[in-house]
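See below for the structure under consideration.
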Amino acid sequence: MEMRVSDLAVQRGGIVVLEGLSFTLPPGRALVLRGPNGVGKTTLLRTLAGLQPAVAGQVSIPAESLAYASHADGLKATLSVAENLSFWAAVYGTTLVETALEGMNLIALRNRWAASLSAGQKRRLGLARLLVSGRPIWVLDEPTVSLDAASVALFAGAVRAHLAAGGAALMATHIDLGLDEAEVLDLSPFRATSRSARQDAGFQEAFL
Amino acid sequence: MIALLVRDLRLAFRAGGGFGLGLAFFLLVAVLVPLGVGPEGGTLGKIAPGILWVGALLSCLLSLDRIFALDFEDGSLDLLATSPLPMEGAVAVKAFAHWLVTGLPLTLAAPVLGVLLYLPPDGYGWLVLSLFLGTPALSVIGAFGAALTVGVKRGGLLLSLLVLPLYVPTLIFGAEVVKRGAAGMEVATPLALLAAITAGAAGLLPFASAAAIRVNLR
Amino acid sequence: MSIWEYANPKKFMALSGRVLPWVTGLAVLSLGAGMVWGFFLTPDDYKQGSTVKIIYIHVPAASAAINAWAVMLIASLVWIIRRHHVSALVAKAAAPVGLTFTLIALVTGAFWGQPMWGTWWAWDPRLTNFLIFALFYLGYIALWEAVENPDTAADLTGVLCIVGSVFALLSRYAVLFWNQGLHQGASLSMDAQENVSDVYWIPLVICIAGFELLFLALVLVRARTEIRRRRAQALMARERLA
């Protein structure tokens, strides 16, 4: 259940932004992506999640083992907390709604409409969705945005529990979660240099 | 996928405006046309099939951009794309949900509006049948247009421009069925063609729509 | 030397640059010769008078309009299957030219019809088909303009072109079906099988060839412009990165 990436190059808007990236994410470990804004953290995560094609390199992820959470919540405002989660449970074919509600401390809010939740509660619901998916590898883009310290601690606890159960997590975040199992991967060295003109990166590159 | 259908139906009913808006617009058309054209029975009765079909078509157009745009904006479309659900299935389900909320109510309400437009008595059955067979095509084709324009800001007008030429065959054959049926003529050809277009569109367009969504999510 | 070499933008620019002056020259020649011959050197039709000579613009424009869409369809397929950027830009370049030819066909059709029918428009199958066709073109062009990312725009318009082609064919048959009931005395459909004597036929062929060459010239010019524009954008983007 490990994610292996070798010599990966990813593109955004037709330009290669990262290249030569290699890392391994074994079960039980977490990898935190760091780097200045615009370096390509979101692009990398989206590529690994399968939303964008990679320009070059290999990505080996066991089938059906990845769950992606972007900085947009994906929550439906007019559905209740429980309804939001049971939808995703049905999509992923699991029955983990109760576990997820417990894990993210949302039991008391189960019948509240998502529209009436605070920002922090919405984030917790978004993360509860990950628990519901039952998937071992979590790919998270800025998961702790708008969370207060208590909620960050809750989130870190949930990640720790997930790692202890054999899962893995890859996340882009500026906040130090205090996770011992987490390594930091700085993406700045992997920035694409302007000398690399790849034919298949997209329109822009092909015309140089 | 049933879960997606249930979710979308729930959202449509709770959001308000999706369900009633199309019907209200349909009613508007049926009221405004006689006001514009004159109350003369002969004229109205002759153009009733066309008015009803055009009204249904425009009403369907109204809610098309919501099929994917809402999910695109709040990130659910990204999450659906990374979920085990195949995008083609998701598109088909969403088009079906759109039909349940828009096309089907229009089909059921049409006979009432036919009365307002002096539709000849023989035409009512054919009206309902042609709309029943044709409005799913409108939803599926509309979903394709919505998939193409999901990333475009305020793409409603562009969506209409893209989708209207694609609606022409369904419109022509659907209206022909009602016209000929009302006159007691034979309807087999347009009816068969109408059904064929709907079947073909429903079977094939989801693939094109899914491809368009994946492109837009890149 | 395979044709796919010209998928490379530089090679395409080189070849099209060499070919363009010849194509333009030939287009001007054939159009000039064809139209002068057609308009001034052929006798008037005994039925329709001299207005029939508008076919020297109407028919070639209509035929070029359809060819333009065929070019777009093939270019879209090449883009989607083989990802050659030049192909996508050729499709983009051909669309406004095709739209213009469609509009010319519509306007000349109206001018032709007016003396005969007394109206500026008739829902004749041919004219109706071209009106719908113009809408297809408009939608395609609008989609190119509305999407910011060029790769995304190329993919989306490619899919639209393919789906649109199927529906355009369906539309054609639907419109013919729709118009069946009406008896159109003098339809505008000017097929080769109708009584077109040699006297009219040869200048018509020359005009058709002229319009096709004009189409080719215009598409080449527009494609070259698109390629230059993309190159400028790529250079600017590279500037921003460095």
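Residue numbers start at 1 in each chain; chains themselves are named A, B, ... in the order of the structure tokens; ligands are numbered from 1 in the order shown.
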What lies within 9 Å of Gly109 of chain C using only C-alpha atoms, ignoring chain neighbours under 3 positions off, as a PyMOL selection string?
-> chain C and resi 54-55+58+104-106+112-114+120-121+127+188
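For Phe177 of chain C, the residues within 10 Å (counting only C-alpha atoms, excluding itself and residues fewer than 3 positions away along the chain) are B:Pro169, B:Ile172, B:Phe173, B:Glu176, B:Thr189, B:Pro190, C:Pro125, C:Ser171, C:Arg172, C:Tyr173, C:Ala174, C:Gln180, C:Gly181.
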Write to file, as a PDB file, in the first residue's frame, the residues of the selection just made, with C-alpha atoms.
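Wrote selection_4.pdb, looks like this:
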```pdb
ATOM      1  CA  PRO B 169     -33.756  17.448 -34.864  1.00  0.00           C
ATOM      2  CA  ILE B 172     -38.641  19.099 -35.556  1.00  0.00           C
ATOM      3  CA  PHE B 173     -39.560  15.476 -35.117  1.00  0.00           C
ATOM      4  CA  GLU B 176     -44.185  16.840 -36.319  1.00  0.00           C
ATOM      5  CA  THR B 189     -41.688   8.032 -39.078  1.00  0.00           C
ATOM      6  CA  PRO B 190     -41.173  11.098 -36.917  1.00  0.00           C
TER       7      PRO B 190
ATOM      8  CA  PRO C 125     -34.681  23.434 -46.932  1.00  0.00           C
ATOM      9  CA  SER C 171     -30.561  18.376 -38.733  1.00  0.00           C
ATOM     10  CA  ARG C 172     -30.203  18.227 -42.463  1.00  0.00           C
ATOM     11  CA  TYR C 173     -32.521  15.261 -42.681  1.00  0.00           C
ATOM     12  CA  ALA C 174     -34.881  16.703 -40.132  1.00  0.00           C
ATOM     13  CA  GLN C 180     -41.703  18.001 -47.229  1.00  0.00           C
ATOM     14  CA  GLY C 181     -45.249  19.132 -47.006  1.00  0.00           C
TER      15      GLY C 181
END
```
Among the residues C:Ala33, C:Leu20, C:Ala234, C:Ile66, the one that comes closest to Leu169 of chain C [using only C-alpha atoms] = C:Ile66
Chain A: residues DSSP assigns to strand (DSSP E), reported as a ChimeraX atom specification = /A:3-12,15-25,30-34,56-60,66-69,137-141,168-172,182-186
Next, the residues of the selection above should be written as a PDB file, in the first residue's frame with C-alpha atoms.
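Dumped everything to part-v3.pdb:
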```pdb
ATOM      1  CA  MET A   3       2.832   5.356  -3.159  1.00  0.00           C
ATOM      2  CA  ARG A   4       5.913   5.583  -5.279  1.00  0.00           C
ATOM      3  CA  VAL A   5       6.735   8.525  -7.498  1.00  0.00           C
ATOM      4  CA  SER A   6       9.792   8.710  -9.732  1.00  0.00           C
ATOM      5  CA  ASP A   7      11.044  11.521 -11.924  1.00  0.00           C
ATOM      6  CA  LEU A   8       7.621  13.111 -12.060  1.00  0.00           C
ATOM      7  CA  ALA A   9       6.975  16.293 -14.004  1.00  0.00           C
ATOM      8  CA  VAL A  10       3.679  18.143 -13.674  1.00  0.00           C
ATOM      9  CA  GLN A  11       2.225  21.026 -15.621  1.00  0.00           C
ATOM     10  CA  ARG A  12      -0.198  23.845 -15.011  1.00  0.00           C
ATOM     11  CA  ILE A  15       3.830  25.118 -18.522  1.00  0.00           C
ATOM     12  CA  VAL A  16       5.857  22.517 -16.647  1.00  0.00           C
ATOM     13  CA  VAL A  17       6.053  23.629 -13.012  1.00  0.00           C
ATOM     14  CA  LEU A  18       7.788  20.746 -11.257  1.00  0.00           C
ATOM     15  CA  GLU A  19      10.135  18.133 -12.602  1.00  0.00           C
ATOM     16  CA  GLY A  20      12.400  15.339 -11.528  1.00  0.00           C
ATOM     17  CA  LEU A  21      10.337  14.709  -8.422  1.00  0.00           C
ATOM     18  CA  SER A  22      10.799  11.351  -6.727  1.00  0.00           C
ATOM     19  CA  PHE A  23       9.607  10.085  -3.375  1.00  0.00           C
ATOM     20  CA  THR A  24       8.092   7.104  -1.658  1.00  0.00           C
ATOM     21  CA  LEU A  25       5.255   7.167   0.832  1.00  0.00           C
ATOM     22  CA  ALA A  30       2.999  11.132   6.345  1.00  0.00           C
ATOM     23  CA  LEU A  31       4.645  13.518   3.921  1.00  0.00           C
ATOM     24  CA  VAL A  32       4.160  17.251   4.230  1.00  0.00           C
ATOM     25  CA  LEU A  33       4.743  19.352   1.130  1.00  0.00           C
ATOM     26  CA  ARG A  34       6.291  22.724   1.628  1.00  0.00           C
ATOM     27  CA  ALA A  56       6.635  12.719 -17.476  1.00  0.00           C
ATOM     28  CA  GLY A  57       7.722  10.200 -14.899  1.00  0.00           C
ATOM     29  CA  GLN A  58       6.078   7.295 -13.132  1.00  0.00           C
ATOM     30  CA  VAL A  59       3.475   7.231 -10.424  1.00  0.00           C
ATOM     31  CA  SER A  60       2.664   3.918  -8.860  1.00  0.00           C
ATOM     32  CA  LEU A  66      -6.415   7.124  -2.782  1.00  0.00           C
ATOM     33  CA  ALA A  67      -8.788   9.714  -1.346  1.00  0.00           C
ATOM     34  CA  TYR A  68      -8.380  13.343  -2.348  1.00  0.00           C
ATOM     35  CA  ALA A  69      -9.503  16.435  -0.470  1.00  0.00           C
ATOM     36  CA  ILE A 137      -3.799   6.971   1.189  1.00  0.00           C
ATOM     37  CA  TRP A 138      -5.007  10.510   1.892  1.00  0.00           C
ATOM     38  CA  VAL A 139      -4.016  13.332  -0.414  1.00  0.00           C
ATOM     39  CA  LEU A 140      -4.855  16.638   1.240  1.00  0.00           C
ATOM     40  CA  ASP A 141      -4.544  20.169  -0.079  1.00  0.00           C
ATOM     41  CA  ALA A 168      -0.573   7.151   4.698  1.00  0.00           C
ATOM     42  CA  ALA A 169      -1.057  10.849   4.178  1.00  0.00           C
ATOM     43  CA  LEU A 170       0.358  13.321   1.716  1.00  0.00           C
ATOM     44  CA  MET A 171      -0.540  16.897   2.457  1.00  0.00           C
ATOM     45  CA  ALA A 172       0.261  20.435   1.549  1.00  0.00           C
ATOM     46  CA  ALA A 182       5.675  13.236   9.192  1.00  0.00           C
ATOM     47  CA  GLU A 183       8.571  14.061   6.925  1.00  0.00           C
ATOM     48  CA  VAL A 184       8.801  17.378   5.184  1.00  0.00           C
ATOM     49  CA  LEU A 185       9.350  17.552   1.460  1.00  0.00           C
ATOM     50  CA  ASP A 186      10.346  20.937   0.143  1.00  0.00           C
TER      51      ASP A 186
END
```
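Taking atom CA of Phe25 of chain B as the reference point, atom CA of Leu106 of chain B is found at 10.0 Å.
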Distance table requested - chain C against chain B, cut-off 10 Å, only C-alpha atoms: one row per qualifying residue with the closest atom pair and its distance in Å to one decimal, ordered by chain and rising residue number, as JSON lines.
```
{"residue": "C:Leu131", "atom": "CA", "partner": "B:Pro165", "partner_atom": "CA", "distance": 9.9}
{"residue": "C:Ile132", "atom": "CA", "partner": "B:Pro165", "partner_atom": "CA", "distance": 6.3}
{"residue": "C:Phe133", "atom": "CA", "partner": "B:Pro165", "partner_atom": "CA", "distance": 8.0}
{"residue": "C:Ala134", "atom": "CA", "partner": "B:Pro165", "partner_atom": "CA", "distance": 9.4}
{"residue": "C:Leu135", "atom": "CA", "partner": "B:Pro165", "partner_atom": "CA", "distance": 6.4}
{"residue": "C:Phe136", "atom": "CA", "partner": "B:Pro165", "partner_atom": "CA", "distance": 6.2}
{"residue": "C:Tyr137", "atom": "CA", "partner": "B:Leu162", "partner_atom": "CA", "distance": 9.4}
{"residue": "C:Leu138", "atom": "CA", "partner": "B:Leu161", "partner_atom": "CA", "distance": 7.8}
{"residue": "C:Gly139", "atom": "CA", "partner": "B:Leu162", "partner_atom": "CA", "distance": 4.9}
{"residue": "C:Tyr140", "atom": "CA", "partner": "B:Leu162", "partner_atom": "CA", "distance": 7.5}
{"residue": "C:Ala142", "atom": "CA", "partner": "B:Leu158", "partner_atom": "CA", "distance": 7.0}
{"residue": "C:Leu143", "atom": "CA", "partner": "B:Leu158", "partner_atom": "CA", "distance": 7.3}
{"residue": "C:Ala146", "atom": "CA", "partner": "B:Val152", "partner_atom": "CA", "distance": 6.5}
{"residue": "C:Val147", "atom": "CA", "partner": "B:Val152", "partner_atom": "CA", "distance": 6.4}
{"residue": "C:Glu148", "atom": "CA", "partner": "B:Val152", "partner_atom": "CA", "distance": 8.6}
{"residue": "C:Asn149", "atom": "CA", "partner": "B:Asn216", "partner_atom": "CA", "distance": 9.6}
{"residue": "C:Asp151", "atom": "CA", "partner": "B:Val215", "partner_atom": "CA", "distance": 8.9}
{"residue": "C:Thr152", "atom": "CA", "partner": "B:Val215", "partner_atom": "CA", "distance": 6.1}
{"residue": "C:Ala153", "atom": "CA", "partner": "B:Val215", "partner_atom": "CA", "distance": 9.0}
{"residue": "C:Ala154", "atom": "CA", "partner": "B:Val215", "partner_atom": "CA", "distance": 10.0}
{"residue": "C:Asp155", "atom": "CA", "partner": "B:Val215", "partner_atom": "CA", "distance": 7.1}
{"residue": "C:Leu156", "atom": "CA", "partner": "B:Ala212", "partner_atom": "CA", "distance": 6.0}
{"residue": "C:Thr157", "atom": "CA", "partner": "B:Leu148", "partner_atom": "CA", "distance": 8.4}
{"residue": "C:Gly158", "atom": "CA", "partner": "B:Ala212", "partner_atom": "CA", "distance": 9.8}
{"residue": "C:Val159", "atom": "CA", "partner": "B:Ala208", "partner_atom": "CA", "distance": 6.8}
{"residue": "C:Leu160", "atom": "CA", "partner": "B:Leu148", "partner_atom": "CA", "distance": 8.0}
{"residue": "C:Ile162", "atom": "CA", "partner": "B:Ala208", "partner_atom": "CA", "distance": 9.4}
{"residue": "C:Val163", "atom": "CA", "partner": "B:Ala208", "partner_atom": "CA", "distance": 7.9}
{"residue": "C:Gly164", "atom": "CA", "partner": "B:Leu166", "partner_atom": "CA", "distance": 7.0}
{"residue": "C:Ser165", "atom": "CA", "partner": "B:Leu166", "partner_atom": "CA", "distance": 9.7}
{"residue": "C:Val166", "atom": "CA", "partner": "B:Leu166", "partner_atom": "CA", "distance": 9.2}
{"residue": "C:Phe167", "atom": "CA", "partner": "B:Leu166", "partner_atom": "CA", "distance": 5.8}
{"residue": "C:Ala168", "atom": "CA", "partner": "B:Leu166", "partner_atom": "CA", "distance": 7.6}
{"residue": "C:Leu169", "atom": "CA", "partner": "B:Pro169", "partner_atom": "CA", "distance": 9.5}
{"residue": "C:Leu170", "atom": "CA", "partner": "B:Pro169", "partner_atom": "CA", "distance": 6.2}
{"residue": "C:Ser171", "atom": "CA", "partner": "B:Pro169", "partner_atom": "CA", "distance": 5.1}
{"residue": "C:Arg172", "atom": "CA", "partner": "B:Pro169", "partner_atom": "CA", "distance": 8.4}
{"residue": "C:Tyr173", "atom": "CA", "partner": "B:Pro169", "partner_atom": "CA", "distance": 8.2}
{"residue": "C:Ala174", "atom": "CA", "partner": "B:Pro169", "partner_atom": "CA", "distance": 5.4}
{"residue": "C:Val175", "atom": "CA", "partner": "B:Ile172", "partner_atom": "CA", "distance": 7.4}
{"residue": "C:Phe177", "atom": "CA", "partner": "B:Phe173", "partner_atom": "CA", "distance": 8.5}
{"residue": "C:Trp178", "atom": "CA", "partner": "B:Ile172", "partner_atom": "CA", "distance": 6.6}
```
Spatial neighbours of Arg112 of chain A, max dist 12 Å, only C-alpha atoms, sep filter under 2 positions, as an MDAnalysis selection string | chainID A and resid 76:84 106:110 114:118 121:122 125
Restrict the selected residues to N, CA and C atoms and save them as a CSV table (one decimal), in the first residue's frame.
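Resulting contents of result-v4.csv:
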```
chain,number,residue,atom,x,y,z
A,76,LYS,N,-22.4,20.0,0.4
A,76,LYS,CA,-23.6,20.5,-0.1
A,76,LYS,C,-24.3,21.3,1.0
A,77,ALA,N,-24.6,22.6,0.8
A,77,ALA,CA,-25.1,23.4,1.9
A,77,ALA,C,-26.5,23.0,2.3
A,78,THR,N,-27.3,22.4,1.4
A,78,THR,CA,-28.7,22.1,1.8
A,78,THR,C,-28.9,20.7,2.2
A,79,LEU,N,-27.8,20.0,2.4
A,79,LEU,CA,-27.9,18.6,2.9
A,79,LEU,C,-27.4,18.7,4.4
A,80,SER,N,-27.9,17.8,5.2
A,80,SER,CA,-27.4,17.7,6.5
A,80,SER,C,-26.0,17.0,6.6
A,81,VAL,N,-25.4,17.1,7.7
A,81,VAL,CA,-24.0,16.5,7.9
A,81,VAL,C,-24.1,15.0,7.6
A,82,ALA,N,-25.1,14.4,8.2
A,82,ALA,CA,-25.3,12.9,8.0
A,82,ALA,C,-25.6,12.6,6.5
A,83,GLU,N,-26.4,13.4,5.9
A,83,GLU,CA,-26.7,13.2,4.5
A,83,GLU,C,-25.5,13.3,3.6
A,84,ASN,N,-24.7,14.3,3.9
A,84,ASN,CA,-23.5,14.5,3.1
A,84,ASN,C,-22.6,13.3,3.2
A,106,LEU,N,-18.4,15.1,15.3
A,106,LEU,CA,-19.6,15.8,14.7
A,106,LEU,C,-20.9,15.1,15.1
A,107,ILE,N,-20.9,14.2,16.0
A,107,ILE,CA,-22.1,13.5,16.3
A,107,ILE,C,-23.2,14.4,16.7
A,108,ALA,N,-22.9,15.4,17.5
A,108,ALA,CA,-23.9,16.4,17.9
A,108,ALA,C,-24.5,17.2,16.8
A,109,LEU,N,-23.8,17.3,15.7
A,109,LEU,CA,-24.2,18.1,14.6
A,109,LEU,C,-24.8,17.3,13.4
A,110,ARG,N,-25.1,16.0,13.6
A,110,ARG,CA,-25.4,15.2,12.5
A,110,ARG,C,-26.6,15.6,11.7
A,114,ALA,N,-25.5,21.6,6.4
A,114,ALA,CA,-24.1,22.1,6.2
A,114,ALA,C,-24.0,23.6,6.1
A,115,ALA,N,-25.1,24.2,5.7
A,115,ALA,CA,-25.0,25.7,5.5
A,115,ALA,C,-24.8,26.4,6.8
A,116,SER,N,-25.3,25.8,7.9
A,116,SER,CA,-25.3,26.4,9.2
A,116,SER,C,-24.1,26.1,10.0
A,117,LEU,N,-23.2,25.4,9.4
A,117,LEU,CA,-22.0,25.1,10.2
A,117,LEU,C,-21.0,26.3,10.1
A,118,SER,N,-20.1,26.3,11.2
A,118,SER,CA,-19.1,27.3,11.1
A,118,SER,C,-18.0,26.8,10.2
A,121,GLN,N,-16.2,23.8,11.5
A,121,GLN,CA,-17.0,22.6,11.5
A,121,GLN,C,-17.1,22.1,10.0
A,122,LYS,N,-17.2,23.0,9.1
A,122,LYS,CA,-17.2,22.5,7.7
A,122,LYS,C,-16.0,21.8,7.3
A,125,LEU,N,-16.1,18.4,8.6
A,125,LEU,CA,-17.0,17.6,7.9
A,125,LEU,C,-16.3,17.1,6.6
```
Who sits within 10 Å of Lys92 of chain C, only C-alpha atoms, same chain under 5 positions skipped, as a list in words | Met72, Ala75, Ser76, Val86, Ser87, Val97, Tyr140, Ile141, Trp144, Glu145, Ala153, Ala154, Thr157, Gly158, Val219, Arg222, Ala223 and Glu226 of chain C
Go ahead and write the selection's residues with C-alpha atoms as a PDB file, in the first residue's frame.
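Generated output (result-v2.pdb):
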```pdb
ATOM      1  CA  MET C  72     -12.613  21.472 -39.057  1.00  0.00           C
ATOM      2  CA  ALA C  75      -8.504  18.726 -37.941  1.00  0.00           C
ATOM      3  CA  SER C  76     -10.404  18.173 -34.689  1.00  0.00           C
ATOM      4  CA  VAL C  86      -1.091  22.823 -35.585  1.00  0.00           C
ATOM      5  CA  SER C  87      -4.152  20.750 -36.341  1.00  0.00           C
ATOM      6  CA  VAL C  97     -13.945  31.634 -42.760  1.00  0.00           C
ATOM      7  CA  TYR C 140     -17.958  26.646 -32.143  1.00  0.00           C
ATOM      8  CA  ILE C 141     -16.284  30.034 -32.487  1.00  0.00           C
ATOM      9  CA  TRP C 144     -12.999  28.893 -28.576  1.00  0.00           C
ATOM     10  CA  GLU C 145     -13.279  32.481 -27.411  1.00  0.00           C
ATOM     11  CA  ALA C 153     -10.309  25.104 -25.607  1.00  0.00           C
ATOM     12  CA  ALA C 154      -8.837  22.884 -28.306  1.00  0.00           C
ATOM     13  CA  THR C 157     -14.089  22.544 -29.379  1.00  0.00           C
ATOM     14  CA  GLY C 158     -12.801  19.310 -30.879  1.00  0.00           C
ATOM     15  CA  VAL C 219      -7.102  29.452 -43.559  1.00  0.00           C
ATOM     16  CA  ARG C 222      -5.195  32.676 -40.137  1.00  0.00           C
ATOM     17  CA  ALA C 223      -3.405  29.498 -39.061  1.00  0.00           C
ATOM     18  CA  GLU C 226      -2.541  31.742 -34.636  1.00  0.00           C
TER      19      GLU C 226
END
```
Proximal residues of chain A relative to chain B (only C-alpha atoms; 6 Å) as a PyMOL selection string | chain A and resi 51-52+72+74+87
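What separates atom CA of Glu98 of chain A from atom CA of Arg129 of chain A is a distance of 11.3 Å.
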Which polymer residues have any atom within 10 Å of an atom of Leu57 of chain B, counting only C-alpha atoms, with same-chain residues fewer than 2 positions away left out, as a list in words?
-> Gly22, Phe26, Ile51, Leu52, Trp53, Val54, Gly55, Ser59, Cys60, Leu61, Leu62, Gly103, Leu106, Leu131, Gly134, Thr135, Leu138, Ser139, Leu164, Tyr167, Thr170 and Leu171 of chain B
Determine which residues of chain C sit within 8 Å of chain A, taking into account only C-alpha atoms, and present them as number ranges by chain.
-> C: 9, 85, 149-151, 227, 230-231, 233-235, 237-238, 241-242
Would you list, as JSON, numbers by chain, the residues of segment 20-76 of chain C that end up in alpha helix (DSSP H) under DSSP run on this structure's backbone?
-> {"C": [20, 21, 22, 23, 24, 25, 26, 27, 28, 29, 30, 31, 32, 33, 34, 35, 36, 37, 38, 39, 40, 55, 56, 57, 58, 59, 60, 61, 62, 63, 64, 65, 66, 67, 68, 69, 70, 71, 72, 73, 74, 75, 76]}
Please, could you write that set of residues out with C-alpha atoms as a JSON list (two decimals), in the first residue's frame?
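Final output, saved to result-v3.json:
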```json
[["chain", "number", "residue", "atom", "x", "y", "z"],
["C", 20, "LEU", "CA", 0.72, 30.96, -49.69],
["C", 21, "PRO", "CA", 1.63, 33.44, -52.42],
["C", 22, "TRP", "CA", 0.88, 30.85, -55.09],
["C", 23, "VAL", "CA", -2.43, 29.89, -53.56],
["C", 24, "THR", "CA", -3.46, 33.50, -53.18],
["C", 25, "GLY", "CA", -2.47, 34.28, -56.74],
["C", 26, "LEU", "CA", -4.37, 31.33, -58.12],
["C", 27, "ALA", "CA", -7.39, 32.17, -56.02],
["C", 28, "VAL", "CA", -7.51, 35.73, -57.28],
["C", 29, "LEU", "CA", -7.06, 34.54, -60.85],
["C", 30, "SER", "CA", -9.75, 31.89, -60.78],
["C", 31, "LEU", "CA", -12.22, 34.01, -58.89],
["C", 32, "GLY", "CA", -11.60, 36.93, -61.20],
["C", 33, "ALA", "CA", -11.81, 34.85, -64.34],
["C", 34, "GLY", "CA", -14.77, 32.83, -63.15],
["C", 35, "MET", "CA", -16.83, 35.77, -62.04],
["C", 36, "VAL", "CA", -16.12, 37.94, -65.04],
["C", 37, "TRP", "CA", -16.95, 35.08, -67.36],
["C", 38, "GLY", "CA", -20.00, 34.12, -65.35],
["C", 39, "PHE", "CA", -21.44, 37.56, -64.91],
["C", 40, "PHE", "CA", -20.61, 39.21, -68.16],
["C", 55, "ILE", "CA", -25.13, 31.27, -58.46],
["C", 56, "TYR", "CA", -21.56, 32.12, -59.29],
["C", 57, "ILE", "CA", -21.23, 33.37, -55.76],
["C", 58, "HIS", "CA", -23.95, 31.43, -53.98],
["C", 59, "VAL", "CA", -23.03, 27.89, -54.98],
["C", 60, "PRO", "CA", -19.26, 28.19, -54.51],
["C", 61, "ALA", "CA", -19.75, 29.91, -51.15],
["C", 62, "ALA", "CA", -22.15, 27.21, -50.01],
["C", 63, "SER", "CA", -19.87, 24.43, -51.11],
["C", 64, "ALA", "CA", -16.85, 26.08, -49.48],
["C", 65, "ALA", "CA", -18.84, 26.53, -46.26],
["C", 66, "ILE", "CA", -19.48, 22.81, -46.07],
["C", 67, "ASN", "CA", -15.90, 22.00, -46.92],
["C", 68, "ALA", "CA", -14.75, 24.31, -44.16],
["C", 69, "TRP", "CA", -16.68, 22.27, -41.64],
["C", 70, "ALA", "CA", -15.22, 19.07, -43.08],
["C", 71, "VAL", "CA", -11.74, 20.53, -42.63],
["C", 72, "MET", "CA", -12.61, 21.47, -39.06],
["C", 73, "LEU", "CA", -13.89, 17.98, -38.37],
["C", 74, "ILE", "CA", -10.80, 16.28, -39.72],
["C", 75, "ALA", "CA", -8.50, 18.73, -37.94],
["C", 76, "SER", "CA", -10.40, 18.17, -34.69]]
```
Between atom CA of Arg46 of chain A and atom CA of Glu64 of chain A, what is the distance, to one decimal in Å?
->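 Pair atom CA of Arg46 of chain A / atom CA of Glu64 of chain A returns 15.7 Å.
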Residues at most 10 Å from Ala30 of chain B, counting only C-alpha atoms, excluding those fewer than 3 positions away in the same chain, as a compact mmCIF listing (two decimals) with N, CA and C atoms, in the first residue's frame?
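Final output, out-v3.txt:
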```
# COMPACT_ATOMS: atom_id res chain seq x y z
N ALA B 24 -43.20 27.17 -14.50
CA ALA B 24 -43.70 28.54 -14.57
C ALA B 24 -43.36 29.17 -15.91
N PHE B 25 -42.18 28.90 -16.38
CA PHE B 25 -41.78 29.46 -17.67
C PHE B 25 -42.63 28.89 -18.79
N PHE B 26 -42.88 27.60 -18.72
CA PHE B 26 -43.72 26.92 -19.71
C PHE B 26 -45.11 27.57 -19.74
N LEU B 27 -45.63 27.81 -18.56
CA LEU B 27 -46.93 28.46 -18.48
C LEU B 27 -46.89 29.86 -19.08
N VAL B 33 -47.91 33.73 -25.80
CA VAL B 33 -48.06 33.56 -27.25
C VAL B 33 -49.46 33.96 -27.73
N PRO B 34 -50.50 33.47 -27.10
CA PRO B 34 -51.82 33.94 -27.55
C PRO B 34 -51.97 35.45 -27.43
N LEU B 35 -51.39 36.01 -26.36
CA LEU B 35 -51.47 37.46 -26.21
C LEU B 35 -50.76 38.16 -27.36
N ALA B 48 -50.23 25.35 -32.10
CA ALA B 48 -50.10 24.81 -30.74
C ALA B 48 -48.99 23.77 -30.60
N ILE B 51 -45.68 25.62 -30.49
CA ILE B 51 -45.51 26.45 -29.30
C ILE B 51 -45.20 25.59 -28.09
N LEU B 52 -45.96 24.49 -27.96
CA LEU B 52 -45.75 23.65 -26.79
C LEU B 52 -44.35 23.06 -26.80
N GLY B 55 -41.82 25.85 -26.14
CA GLY B 55 -41.89 26.21 -24.73
C GLY B 55 -41.19 25.19 -23.85
N ALA B 110 -48.13 19.53 -19.95
CA ALA B 110 -48.40 19.99 -21.31
C ALA B 110 -49.87 19.92 -21.72
N VAL B 112 -52.53 20.39 -20.12
CA VAL B 112 -53.26 21.54 -19.58
C VAL B 112 -53.00 22.77 -20.43
N LEU B 113 -51.73 22.97 -20.77
CA LEU B 113 -51.41 24.12 -21.60
C LEU B 113 -51.95 23.96 -23.01
N GLY B 114 -52.08 22.70 -23.45
CA GLY B 114 -52.67 22.46 -24.76
C GLY B 114 -54.08 23.01 -24.84
N VAL B 115 -54.77 22.91 -23.73
CA VAL B 115 -56.12 23.45 -23.69
C VAL B 115 -56.10 24.95 -23.94
N LEU B 116 -55.12 25.63 -23.33
CA LEU B 116 -55.02 27.07 -23.51
C LEU B 116 -54.75 27.45 -24.96
N LEU B 117 -54.11 26.52 -25.67
CA LEU B 117 -53.70 26.85 -27.03
C LEU B 117 -54.58 26.20 -28.09
```
